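Visitor: Just so it is clear, I am handing over structure.cif, which has mmCIF, C-alpha atoms and all ligand atoms.
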```cif
data_final
#
loop_
_atom_site.label_atom_id
_atom_site.label_comp_id
_atom_site.auth_asym_id
_atom_site.auth_seq_id
_atom_site.Cartn_x
_atom_site.Cartn_y
_atom_site.Cartn_z
CA MET A 1 -1.79 23.90 4.05
CA ILE A 2 1.69 25.39 4.23
CA ASP A 3 3.95 22.35 4.05
CA LEU A 4 7.25 23.02 5.82
CA ARG A 5 8.04 19.40 6.62
CA SER A 6 11.00 19.22 4.24
CA ASP A 7 12.43 20.59 1.01
CA THR A 8 11.82 17.11 -0.43
CA VAL A 9 8.03 17.56 -0.71
CA THR A 10 8.18 19.56 -3.94
CA GLN A 11 6.30 18.53 -7.07
CA PRO A 12 7.88 18.75 -10.52
CA CYS A 13 6.60 21.81 -12.43
CA GLU A 14 5.24 21.77 -16.00
CA GLY A 15 8.63 22.56 -17.53
CA MET A 16 10.36 19.82 -15.57
CA ARG A 17 7.70 17.27 -16.56
CA ARG A 18 8.07 18.30 -20.18
CA ALA A 19 11.86 17.86 -20.00
CA MET A 20 11.29 14.37 -18.57
CA ALA A 21 8.77 13.47 -21.26
CA VAL A 22 11.08 14.31 -24.15
CA ALA A 23 14.36 13.03 -22.67
CA ASP A 24 16.62 10.88 -24.84
CA VAL A 25 17.14 7.60 -23.04
CA GLY A 26 19.15 4.42 -23.31
CA ASP A 27 19.97 1.49 -21.04
CA ASP A 28 22.44 2.91 -18.54
CA VAL A 29 23.15 -0.57 -17.12
CA ILE A 30 24.05 -2.21 -20.44
CA ASP A 31 26.04 0.81 -21.55
CA VAL A 32 24.90 4.44 -21.57
CA ASP A 33 21.82 6.56 -21.10
CA PRO A 34 22.63 9.79 -22.96
CA THR A 35 20.69 12.15 -20.67
CA THR A 36 22.17 10.57 -17.56
CA ALA A 37 25.61 10.94 -19.14
CA ARG A 38 24.91 14.62 -19.79
CA LEU A 39 23.79 15.12 -16.17
CA GLN A 40 26.91 13.41 -14.87
CA GLU A 41 29.18 15.54 -17.06
CA THR A 42 27.33 18.70 -16.03
CA VAL A 43 27.65 18.02 -12.31
CA ALA A 44 31.27 16.88 -12.58
CA GLU A 45 32.03 20.17 -14.29
CA MET A 46 30.15 22.24 -11.70
CA LEU A 47 32.04 20.52 -8.89
CA GLY A 48 35.40 20.57 -10.66
CA MET A 49 35.55 16.79 -10.35
CA GLU A 50 36.69 14.28 -12.98
CA CYS A 51 33.61 12.09 -12.85
CA ALA A 52 30.15 11.94 -11.35
CA MET A 53 27.62 9.17 -11.00
CA PHE A 54 23.82 9.42 -10.77
CA MET A 55 22.21 7.35 -8.01
CA PRO A 56 18.68 7.03 -6.63
CA SER A 57 19.31 8.65 -3.24
CA GLY A 58 21.68 10.65 -1.08
CA THR A 59 21.86 7.75 1.29
CA MET A 60 23.23 5.60 -1.51
CA THR A 61 25.79 8.17 -2.66
CA ASN A 62 27.09 8.50 0.90
CA GLN A 63 27.18 4.77 1.51
CA VAL A 64 28.86 4.04 -1.81
CA ALA A 65 31.47 6.67 -0.90
CA VAL A 66 32.12 5.08 2.49
CA ARG A 67 32.33 1.68 0.86
CA ILE A 68 34.82 2.65 -1.84
CA HIS A 69 37.04 4.59 0.56
CA CYS A 70 37.21 2.02 3.35
CA GLN A 71 38.08 -1.59 4.04
CA PRO A 72 36.29 -3.57 6.80
CA GLY A 73 37.71 -2.43 10.13
CA ASP A 74 38.52 1.08 8.96
CA GLU A 75 37.40 4.06 11.00
CA MET A 76 35.47 7.08 9.80
CA ILE A 77 35.53 10.40 11.67
CA CYS A 78 32.36 12.49 11.49
CA GLU A 79 30.35 15.07 13.40
CA GLU A 80 27.92 13.40 15.80
CA GLY A 81 24.80 15.04 14.36
CA CYS A 82 25.58 14.17 10.76
CA HIS A 83 23.22 12.39 8.39
CA ILE A 84 25.59 9.52 7.60
CA TYR A 85 25.80 8.63 11.28
CA ASN A 86 22.19 9.27 12.32
CA TYR A 87 19.82 8.77 9.40
CA GLU A 88 21.17 5.99 7.22
CA GLN A 89 20.59 3.00 9.51
CA GLY A 90 24.30 2.80 10.23
CA GLY A 91 24.81 1.60 6.67
CA PHE A 92 28.57 2.08 7.07
CA ALA A 93 28.45 -0.75 9.66
CA GLN A 94 25.73 -2.90 8.09
CA LEU A 95 27.09 -2.73 4.57
CA SER A 96 30.79 -1.95 4.83
CA ALA A 97 31.96 -2.94 8.34
CA VAL A 98 33.25 0.57 9.00
CA ILE A 99 33.61 1.95 12.53
CA PRO A 100 32.37 5.48 13.23
CA ARG A 101 34.22 7.94 15.46
CA THR A 102 31.95 10.86 16.22
CA VAL A 103 33.05 14.33 17.25
CA ARG A 104 30.72 16.81 18.94
CA GLY A 105 30.72 20.06 17.03
CA ARG A 106 29.90 23.52 18.29
CA THR A 107 27.02 24.61 16.07
CA SER A 108 27.89 21.45 14.12
CA GLN A 109 31.41 22.71 13.46
CA PHE A 110 34.59 21.23 14.84
CA GLU A 111 38.18 22.45 14.65
CA VAL A 112 41.47 20.69 14.02
CA ASP A 113 42.14 20.77 17.79
CA ASP A 114 39.00 18.67 18.36
CA VAL A 115 40.19 15.87 16.11
CA ALA A 116 43.97 16.14 16.32
CA ASP A 117 44.26 13.31 18.86
CA LEU A 118 41.90 10.93 17.10
CA ILE A 119 44.29 9.40 14.60
CA ARG A 120 44.95 5.79 15.57
CA PRO A 121 48.46 4.47 15.98
CA ASP A 122 49.59 2.06 13.30
CA ASN A 123 49.57 -1.16 15.33
CA GLU A 124 47.67 -4.42 15.53
CA HIS A 125 45.44 -3.30 18.39
CA ALA A 126 43.87 -0.38 16.63
CA VAL A 127 41.40 0.11 13.81
CA ARG A 128 42.75 2.14 10.92
CA SER A 129 41.85 5.84 10.72
CA ARG A 130 40.78 6.18 7.14
CA LEU A 131 38.03 8.66 6.32
CA LEU A 132 36.75 12.10 7.33
CA CYS A 133 33.15 12.98 6.48
CA LEU A 134 31.79 16.51 6.67
CA GLU A 135 28.26 17.73 5.95
CA ASN A 136 27.47 21.15 4.46
CA THR A 137 24.94 22.59 4.96
CA HIS A 138 24.35 20.64 8.15
CA ASN A 139 20.81 19.26 8.28
CA ARG A 140 20.40 18.29 11.91
CA GLY A 141 22.46 21.35 12.78
CA GLY A 142 19.63 23.54 11.45
CA GLY A 143 21.02 24.14 7.98
CA VAL A 144 24.11 25.89 9.29
CA ILE A 145 26.99 26.46 6.90
CA LEU A 146 30.45 25.33 7.91
CA PRO A 147 32.63 28.31 6.95
CA LEU A 148 35.03 27.75 4.06
CA GLU A 149 38.10 28.46 6.25
CA ASN A 150 36.96 25.80 8.71
CA VAL A 151 36.38 23.25 5.95
CA GLN A 152 39.79 24.08 4.48
CA SER A 153 41.68 23.78 7.75
CA VAL A 154 40.02 20.53 8.81
CA CYS A 155 40.42 18.97 5.36
CA GLN A 156 44.03 20.04 5.05
CA TRP A 157 44.76 18.52 8.44
CA ALA A 158 42.98 15.31 7.35
CA LYS A 159 44.99 15.17 4.15
CA GLN A 160 48.24 15.52 6.08
CA GLN A 161 47.12 12.60 8.25
CA GLY A 162 46.47 10.48 5.17
CA LEU A 163 42.69 10.52 5.64
CA ILE A 164 40.36 10.46 2.66
CA ARG A 165 37.76 13.25 2.72
CA HIS A 166 34.09 12.92 1.74
CA LEU A 167 31.55 15.75 1.72
CA ASP A 168 27.87 15.01 2.26
CA GLY A 169 26.78 18.02 0.26
CA ALA A 170 23.10 17.08 0.05
CA ARG A 171 22.45 20.83 0.33
CA LEU A 172 25.80 22.11 -0.93
CA PHE A 173 24.07 24.46 -3.36
CA ASN A 174 22.32 26.15 -0.45
CA ALA A 175 25.78 26.90 0.94
CA VAL A 176 26.93 28.07 -2.51
CA VAL A 177 24.04 30.52 -2.88
CA ALA A 178 24.24 31.75 0.72
CA THR A 179 27.99 32.40 0.70
CA GLY A 180 28.76 33.13 -2.95
CA VAL A 181 31.58 30.57 -2.73
CA PRO A 182 31.31 28.45 -5.90
CA ALA A 183 30.64 24.72 -5.70
CA ASP A 184 34.03 23.73 -7.07
CA GLN A 185 35.80 25.73 -4.39
CA TRP A 186 34.02 23.79 -1.65
CA ALA A 187 34.48 20.51 -3.52
CA LYS A 188 38.19 20.82 -4.06
CA GLU A 189 38.91 20.11 -0.40
CA PHE A 190 37.40 16.63 -0.81
CA ASP A 191 38.09 13.37 -2.62
CA THR A 192 34.38 12.74 -3.15
CA VAL A 193 31.28 14.91 -2.87
CA SER A 194 27.64 13.88 -2.87
CA ILE A 195 24.81 16.25 -3.71
CA CYS A 196 21.04 15.77 -3.64
CA LEU A 197 18.92 16.88 -6.56
CA SER A 198 15.68 16.05 -4.75
CA LYS A 199 16.02 18.55 -1.89
CA GLY A 200 15.92 22.30 -2.49
CA LEU A 201 16.75 21.89 -6.17
CA GLY A 202 13.33 20.33 -6.66
CA ALA A 203 13.95 17.23 -8.77
CA PRO A 204 11.73 14.25 -7.91
CA VAL A 205 14.53 11.70 -7.48
CA GLY A 206 18.26 11.47 -7.42
CA SER A 207 21.67 12.27 -6.05
CA ILE A 208 25.16 12.45 -7.49
CA LEU A 209 28.46 11.14 -6.21
CA ALA A 210 31.42 12.97 -7.76
CA GLY A 211 35.10 12.18 -7.48
CA PRO A 212 38.29 11.33 -9.33
CA ARG A 213 38.33 9.23 -12.50
CA SER A 214 40.33 6.60 -10.61
CA LEU A 215 37.22 5.83 -8.51
CA GLN A 216 34.71 5.73 -11.36
CA LYS A 217 34.79 1.98 -11.77
CA ALA A 218 34.45 1.41 -8.02
CA MET A 219 31.50 3.84 -7.85
CA ARG A 220 29.73 2.03 -10.68
CA ARG A 221 30.49 -1.40 -9.28
CA ASN A 222 29.23 -0.55 -5.80
CA ARG A 223 26.18 1.33 -7.07
CA LYS A 224 25.24 -1.94 -8.74
CA LEU A 225 25.97 -3.89 -5.57
CA PHE A 226 23.63 -1.62 -3.59
CA GLY A 227 20.90 -2.02 -6.20
CA GLY A 228 21.18 1.47 -7.65
CA ALA A 229 22.00 0.72 -11.29
CA MET A 230 19.06 2.12 -13.26
CA ARG A 231 18.05 1.55 -16.89
CA GLN A 232 16.28 4.48 -18.64
CA SER A 233 17.41 6.82 -15.91
CA GLY A 234 17.47 9.71 -18.38
CA ILE A 235 13.83 10.37 -17.47
CA LEU A 236 15.04 11.25 -13.97
CA ALA A 237 18.26 12.85 -15.14
CA ALA A 238 16.26 15.22 -17.35
CA ALA A 239 14.42 16.46 -14.27
CA ALA A 240 17.73 16.88 -12.46
CA LEU A 241 19.21 18.87 -15.37
CA PHE A 242 16.15 21.08 -15.40
CA ALA A 243 16.59 21.62 -11.66
CA LEU A 244 20.26 22.58 -12.04
CA GLU A 245 19.46 24.96 -14.89
CA ASN A 246 16.51 26.66 -13.22
CA ASN A 247 16.49 26.24 -9.48
CA ILE A 248 19.89 27.18 -8.08
CA PRO A 249 19.76 31.00 -7.76
CA ARG A 250 16.22 30.84 -6.36
CA LEU A 251 17.49 28.97 -3.28
CA ALA A 252 18.19 32.51 -2.02
CA ASP A 253 14.41 32.99 -1.80
CA ASP A 254 14.14 29.92 0.44
CA HIS A 255 16.80 31.40 2.70
CA GLN A 256 15.00 34.72 2.87
CA HIS A 257 11.73 32.96 3.70
CA ALA A 258 13.45 31.01 6.47
CA GLN A 259 14.56 34.38 7.84
CA ILE A 260 10.93 35.51 8.00
CA LEU A 261 10.15 32.53 10.25
CA ALA A 262 13.33 33.00 12.28
CA GLN A 263 12.65 36.71 12.86
CA ALA A 264 9.11 36.01 14.04
CA ILE A 265 10.35 33.39 16.49
CA LYS A 266 13.12 35.66 17.76
CA SER A 267 11.11 38.81 18.12
CA HIS A 268 7.76 37.45 19.24
CA CYS A 269 8.00 33.97 20.74
CA ASP A 270 9.50 34.06 24.26
CA ASN A 271 8.81 30.36 24.79
CA PHE A 272 10.51 29.28 21.56
CA ALA A 273 14.26 29.38 21.06
CA LEU A 274 16.00 29.03 17.73
CA ASP A 275 18.39 26.13 18.05
CA PRO A 276 20.97 26.80 16.73
CA GLY A 277 20.58 30.49 17.36
CA ARG A 278 21.29 31.41 13.76
CA VAL A 279 19.61 30.49 10.50
CA ASP A 280 22.06 30.28 7.60
CA SER A 281 19.94 28.66 4.92
CA ASN A 282 16.50 27.11 4.47
CA ILE A 283 16.12 25.16 7.72
CA VAL A 284 14.69 26.57 10.94
CA ILE A 285 14.84 24.51 14.11
CA PHE A 286 13.34 25.81 17.33
CA LYS A 287 13.00 24.47 20.81
CA ILE A 288 9.74 24.72 22.70
CA ASP A 289 10.52 25.72 26.27
CA LYS A 290 7.32 24.39 27.76
CA PRO A 291 7.49 20.96 29.36
CA ASN A 292 3.77 20.36 28.89
CA MET A 293 3.99 21.00 25.15
CA PRO A 294 6.04 18.28 23.44
CA ALA A 295 7.08 19.01 19.86
CA GLU A 296 4.82 16.31 18.51
CA GLN A 297 1.74 17.84 20.10
CA PHE A 298 2.74 21.31 18.97
CA CYS A 299 3.14 20.08 15.40
CA LYS A 300 -0.35 18.60 15.56
CA LEU A 301 -1.80 21.94 16.69
CA ALA A 302 0.19 23.78 14.04
CA LYS A 303 -1.08 21.45 11.35
CA GLU A 304 -4.67 22.08 12.42
CA ALA A 305 -3.89 25.79 12.12
CA GLY A 306 -2.47 25.31 8.61
CA VAL A 307 1.29 24.87 9.06
CA TRP A 308 2.78 21.42 8.62
CA MET A 309 6.14 20.85 10.34
CA LEU A 310 7.99 17.87 11.78
CA PRO A 311 8.97 17.23 15.40
CA PHE A 312 12.76 16.90 15.37
CA SER A 313 13.24 15.73 18.94
CA ARG A 314 11.00 15.62 22.00
CA CYS A 315 11.09 19.41 22.23
CA HIS A 316 12.46 20.55 18.86
CA VAL A 317 10.49 21.41 15.73
CA ARG A 318 11.92 21.71 12.22
CA ALA A 319 10.54 23.93 9.46
CA VAL A 320 12.06 23.90 5.98
CA THR A 321 11.39 26.36 3.17
CA HIS A 322 11.41 25.25 -0.48
CA LEU A 323 10.25 26.15 -3.95
CA HIS A 324 6.55 25.90 -3.25
CA ILE A 325 6.76 28.34 -0.34
CA ARG A 326 6.20 31.93 -1.45
CA GLU A 327 6.96 34.99 0.63
CA GLU A 328 3.29 35.31 1.61
CA ASP A 329 3.26 31.67 2.74
CA ALA A 330 6.27 32.27 4.98
CA THR A 331 4.65 35.42 6.37
CA GLN A 332 1.39 33.56 6.97
CA ALA A 333 3.22 30.63 8.61
CA ALA A 334 5.10 33.04 10.87
CA LYS A 335 1.81 34.67 11.88
CA ILE A 336 0.25 31.29 12.68
CA LEU A 337 3.30 30.26 14.72
CA CYS A 338 3.12 33.49 16.73
CA GLU A 339 -0.61 33.08 17.37
CA LEU A 340 -0.13 29.50 18.45
CA HIS A 341 2.74 30.55 20.68
CA ASP A 342 0.49 33.05 22.44
CA LYS A 343 -2.32 30.54 22.75
CA ILE A 344 -0.20 27.89 24.45
CA ALA A 345 1.61 30.45 26.62
CA VAL A 346 -1.51 31.18 28.67
C1 LIG B 1 18.47 14.07 2.73
C2 LIG B 1 19.90 13.93 3.11
C3 LIG B 1 20.63 12.82 2.73
C4 LIG B 1 20.03 11.58 2.10
O1 LIG B 1 19.28 11.76 1.00
P1 LIG B 1 18.12 10.71 0.60
O2 LIG B 1 17.98 11.01 -0.85
O3 LIG B 1 16.93 11.09 1.42
O4 LIG B 1 18.63 9.35 0.87
C5 LIG B 1 21.96 12.79 3.05
N1 LIG B 1 22.53 13.79 3.72
C6 LIG B 1 21.86 14.87 4.11
C7 LIG B 1 22.56 15.96 4.85
C8 LIG B 1 20.50 14.99 3.84
O5 LIG B 1 19.83 16.06 4.26
#
```
Here is the file; what I need is its structure written in the form of structure tokens.
Guide:
Amino acid sequence: MIDLRSDTVTQPCEGMRRAMAVADVGDDVIDVDPTTARLQETVAEMLGMECAMFMPSGTMTNQVAVRIHCQPGDEMICEEGCHIYNYEQGGFAQLSAVIPRTVRGRTSQFEVDDVADLIRPDNEHAVRSRLLCLENTHNRGGGVILPLENVQSVCQWAKQQGLIRHLDGARLFNAVVATGVPADQWAKEFDTVSICLSKGLGAPVGSILAGPRSLQKAMRRNRKLFGGAMRQSGILAAAALFALENNIPRLADDHQHAQILAQAIKSHCDNFALDPGRVDSNIVIFKIDKPNMPAEQFCKLAKEAGVWMLPFSRCHVRAVTHLHIREEDATQAAKILCELHDKIAV
């Protein structure tokens, strides 16, 4: 079975398991776990941030960020397809009483002109404009990369407006590898940045929230509030360190394998349309232009044929490449997709 459901399905390799087994650990809630501390320092350094905090999930890093940046009644501006808005149960509302203001992007990207009129006046009728959240690479947007110039211009505008800026960089390292722009250059436009270690990087668990030293106490306090303070977390941090040391450059392979799928869809499959039309990283989303073939049914057929994918809407399918997918797997998956396309076309 070629499992393209997500880049989260990966299993830790021998080396990663060994690193976990021998990790130095302590009680990171009472005081310090040494391996977790080393992970946090490593990621802070990579992102050019003053501090970083290890948490169980990307959802938690994002929601802790929203919480520490906002007061109840504050407004957060974000792209309408973003993870924070769509896939975290509206935690910003449930947990922090924050109001979302969504902006429709074009290929998940919006410009200063699209948001320039959204800042609320400072009066008693209005909520307070407080936070801008961007996502890079953009998951629901098909793994597209917001270009650095776009991120810079939108963030600089936000800064001038007095907005705090948070990056959901669950797959930031995919953007780093695809563009050659280093992580700290992306991160410096933001007050806080979250990254996932359990996506393409291949660790079993964990995300990091990085930011200024002045927010360290608030991060730790709210991580505890949300139930994310962990004891001998060095076992997990060791896996994350292994992932950072070994699995960043190879993300380029995932991107190349996504291109194999994308090319097959483009060149062979008249009834499938890449959506968005370009593939920038390791996510391929395509629309099935056949009303009698809903995505769910197609995914069932594909699974029977040996390719496991997820329906992403009624008519969209998502395929994600990752460290267990070799070039021959991508080629084989592309072949199966093309055959299935032909079979349902008649
Ligand atoms: C996966 C993901 C998250 C959340 O990570 P979890 O660890 O699954 O909670 C946040 N943002 C984006 C863009 C993601 O793809």
Visitor: Step by step, measure atom-to-atom distances between ligand LIG 1 (chain B) and each residue using all atoms listed in the file, keep those at most 8 Å, then write them as a ChimeraX atom specification.
Guide: /A:8,56-60,62,82-84,87-88,135-140,168-171,196,198-199,205-207
Visitor: For the residues selected in the previous step, produce a file with C-alpha atoms as a compact mmCIF listing (two decimals), in the frame of the given file.
Guide:
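Contents of out_20.txt, as written:
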```txt
# COMPACT_ATOMS: atom_id res chain seq x y z
CA THR A 8 11.82 17.11 -0.43
CA PRO A 56 18.68 7.03 -6.63
CA SER A 57 19.31 8.65 -3.24
CA GLY A 58 21.68 10.65 -1.08
CA THR A 59 21.86 7.75 1.29
CA MET A 60 23.23 5.60 -1.51
CA ASN A 62 27.09 8.50 0.90
CA CYS A 82 25.58 14.17 10.76
CA HIS A 83 23.22 12.39 8.39
CA ILE A 84 25.59 9.52 7.60
CA TYR A 87 19.82 8.77 9.40
CA GLU A 88 21.17 5.99 7.22
CA GLU A 135 28.26 17.73 5.95
CA ASN A 136 27.47 21.15 4.46
CA THR A 137 24.94 22.59 4.96
CA HIS A 138 24.35 20.64 8.15
CA ASN A 139 20.81 19.26 8.28
CA ARG A 140 20.40 18.29 11.91
CA ASP A 168 27.87 15.01 2.26
CA GLY A 169 26.78 18.02 0.26
CA ALA A 170 23.10 17.08 0.05
CA ARG A 171 22.45 20.83 0.33
CA CYS A 196 21.04 15.77 -3.64
CA SER A 198 15.68 16.05 -4.75
CA LYS A 199 16.02 18.55 -1.89
CA VAL A 205 14.53 11.70 -7.48
CA GLY A 206 18.26 11.47 -7.42
CA SER A 207 21.67 12.27 -6.05
```
Visitor: Have a look at atom CA of Val181 of chain A and atom CA of Glu245 of chain A and let me know their distance in Å, one decimal.
Guide: 18.1 Å
Visitor: Of the candidates A:Met219, A:Leu225, A:Leu39, A:Ile235, which one gets nearest to Ile68 of chain A if we count all atoms listed in the file?
Guide: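 Once distances to Ile68 of chain A are computed over all atoms listed in the file, the minimum belongs to A:Met219.
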Visitor: Need to verify the contact set: Ser6 of chain A, 12 Å, only C-alpha atoms, exclusion of same-chain residues closer than 5 positions in sequence. Can you return it as a ChimeraX atom specification?
Guide: /A:139,143,198-200,202,254,282-285,308-312,317-325
Visitor: Can you tell me how far atom CA of Ala243 of chain A sits from atom CA of His257 of chain A, in Å to one decimal?
Guide: 19.7 Å
Visitor: Counting all atoms listed in the file, note down every residue that has an atom within 9 Å of the point (11.1, 31.5, 18.9) (file coordinates), as a list of chain:residue names.
Guide: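 Checked against the point, the hits come out as A:Leu261, A:Ala262, A:Gln263, A:Ala264, A:Ile265, A:Lys266, A:Ser267, A:His268, A:Cys269, A:Asp270, A:Asn271, A:Phe272, A:Ala273, A:Leu274, A:Phe286, A:Lys287, A:Ile288, A:Leu337, A:Cys338, A:His341.
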Visitor: So, counting only C-alpha atoms, which residue among A:Leu340, A:Ala21, A:Ala333, A:Leu167 is closest to Met1 of chain A?
Guide: A:Ala333
Visitor: Considering all atoms listed in the file, state which residue in the set A:Asp122, A:Asp184, A:Asp24, A:Glu327 is at the smallest distance from Ala210 of chain A.
Guide: A:Asp184
Visitor: Have a look at A:Ala19, A:Pro34, A:Lys335, A:Cys315 and name the one nearest to Lys290 of chain A; count only C-alpha atoms.
Guide: A:Cys315
Visitor: To one decimal place in Å, what is the distance between atom CA of Ala44 of chain A and atom CA of Val177 of chain A?
Guide: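 Pair atom CA of Ala44 of chain A / atom CA of Val177 of chain A returns 18.2 Å.
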Visitor: Rank nothing, just name the residue among A:Glu328, A:Glu189, A:Asp117, A:Asp342 nearest to Leu148 of chain A, using all atoms listed in the file.
Guide: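 The shortest atom-to-atom distance to Leu148 of chain A comes from A:Glu189.
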Visitor: So, counting only C-alpha atoms, which residue among A:Ile99, A:Val32, A:Ala345, A:Cys78 is closest to Phe298 of chain A?
Guide: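 Closest candidate: A:Ala345.
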Visitor: Set the distance at 12 Å and use only C-alpha atoms: which residues neighbour Thr42 of chain A once local chain neighbours fewer than 2 positions away are removed? I'd like the list as a list of chain:residue names.
Guide: A:Thr35, A:Thr36, A:Ala37, A:Arg38, A:Leu39, A:Gln40, A:Ala44, A:Glu45, A:Met46, A:Leu47, A:Gly48, A:Met49, A:Glu50, A:Cys51, A:Ala52, A:Met53, A:Phe54, A:Ile208, A:Ala210, A:Ala237, A:Ala238, A:Ala240, A:Leu241, A:Phe242, A:Ala243, A:Leu244, A:Glu245
Visitor: Store the residues picked out above in a file with C-alpha atoms, as a PDB file, keeping the file's coordinate frame.
Guide:
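For reference, selection-v1.pdb as written:
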```
ATOM      1  CA  THR A  35      20.690  12.150 -20.670  1.00  0.00           C
ATOM      2  CA  THR A  36      22.170  10.570 -17.560  1.00  0.00           C
ATOM      3  CA  ALA A  37      25.610  10.940 -19.140  1.00  0.00           C
ATOM      4  CA  ARG A  38      24.910  14.620 -19.790  1.00  0.00           C
ATOM      5  CA  LEU A  39      23.790  15.120 -16.170  1.00  0.00           C
ATOM      6  CA  GLN A  40      26.910  13.410 -14.870  1.00  0.00           C
ATOM      7  CA  ALA A  44      31.270  16.880 -12.580  1.00  0.00           C
ATOM      8  CA  GLU A  45      32.030  20.170 -14.290  1.00  0.00           C
ATOM      9  CA  MET A  46      30.150  22.240 -11.700  1.00  0.00           C
ATOM     10  CA  LEU A  47      32.040  20.520  -8.890  1.00  0.00           C
ATOM     11  CA  GLY A  48      35.400  20.570 -10.660  1.00  0.00           C
ATOM     12  CA  MET A  49      35.550  16.790 -10.350  1.00  0.00           C
ATOM     13  CA  GLU A  50      36.690  14.280 -12.980  1.00  0.00           C
ATOM     14  CA  CYS A  51      33.610  12.090 -12.850  1.00  0.00           C
ATOM     15  CA  ALA A  52      30.150  11.940 -11.350  1.00  0.00           C
ATOM     16  CA  MET A  53      27.620   9.170 -11.000  1.00  0.00           C
ATOM     17  CA  PHE A  54      23.820   9.420 -10.770  1.00  0.00           C
ATOM     18  CA  ILE A 208      25.160  12.450  -7.490  1.00  0.00           C
ATOM     19  CA  ALA A 210      31.420  12.970  -7.760  1.00  0.00           C
ATOM     20  CA  ALA A 237      18.260  12.850 -15.140  1.00  0.00           C
ATOM     21  CA  ALA A 238      16.260  15.220 -17.350  1.00  0.00           C
ATOM     22  CA  ALA A 240      17.730  16.880 -12.460  1.00  0.00           C
ATOM     23  CA  LEU A 241      19.210  18.870 -15.370  1.00  0.00           C
ATOM     24  CA  PHE A 242      16.150  21.080 -15.400  1.00  0.00           C
ATOM     25  CA  ALA A 243      16.590  21.620 -11.660  1.00  0.00           C
ATOM     26  CA  LEU A 244      20.260  22.580 -12.040  1.00  0.00           C
ATOM     27  CA  GLU A 245      19.460  24.960 -14.890  1.00  0.00           C
TER      28      GLU A 245
END
```
Visitor: Is there a way to get, as a count of residues only, all residues within 12 Å of the point (24.3, 6.9, 10.8) in file coordinates, counting all atoms listed in the file?
Guide: 30
Visitor: Near Ser129 of chain A, counting all atoms listed in the file, which residues have an atom at most 12 Å away, once you skip same-chain residues fewer than 2 positions from it, shown as a ChimeraX atom specification?
Guide: /A:69-78,98-101,115-123,126-127,131-132,158-159,161-165
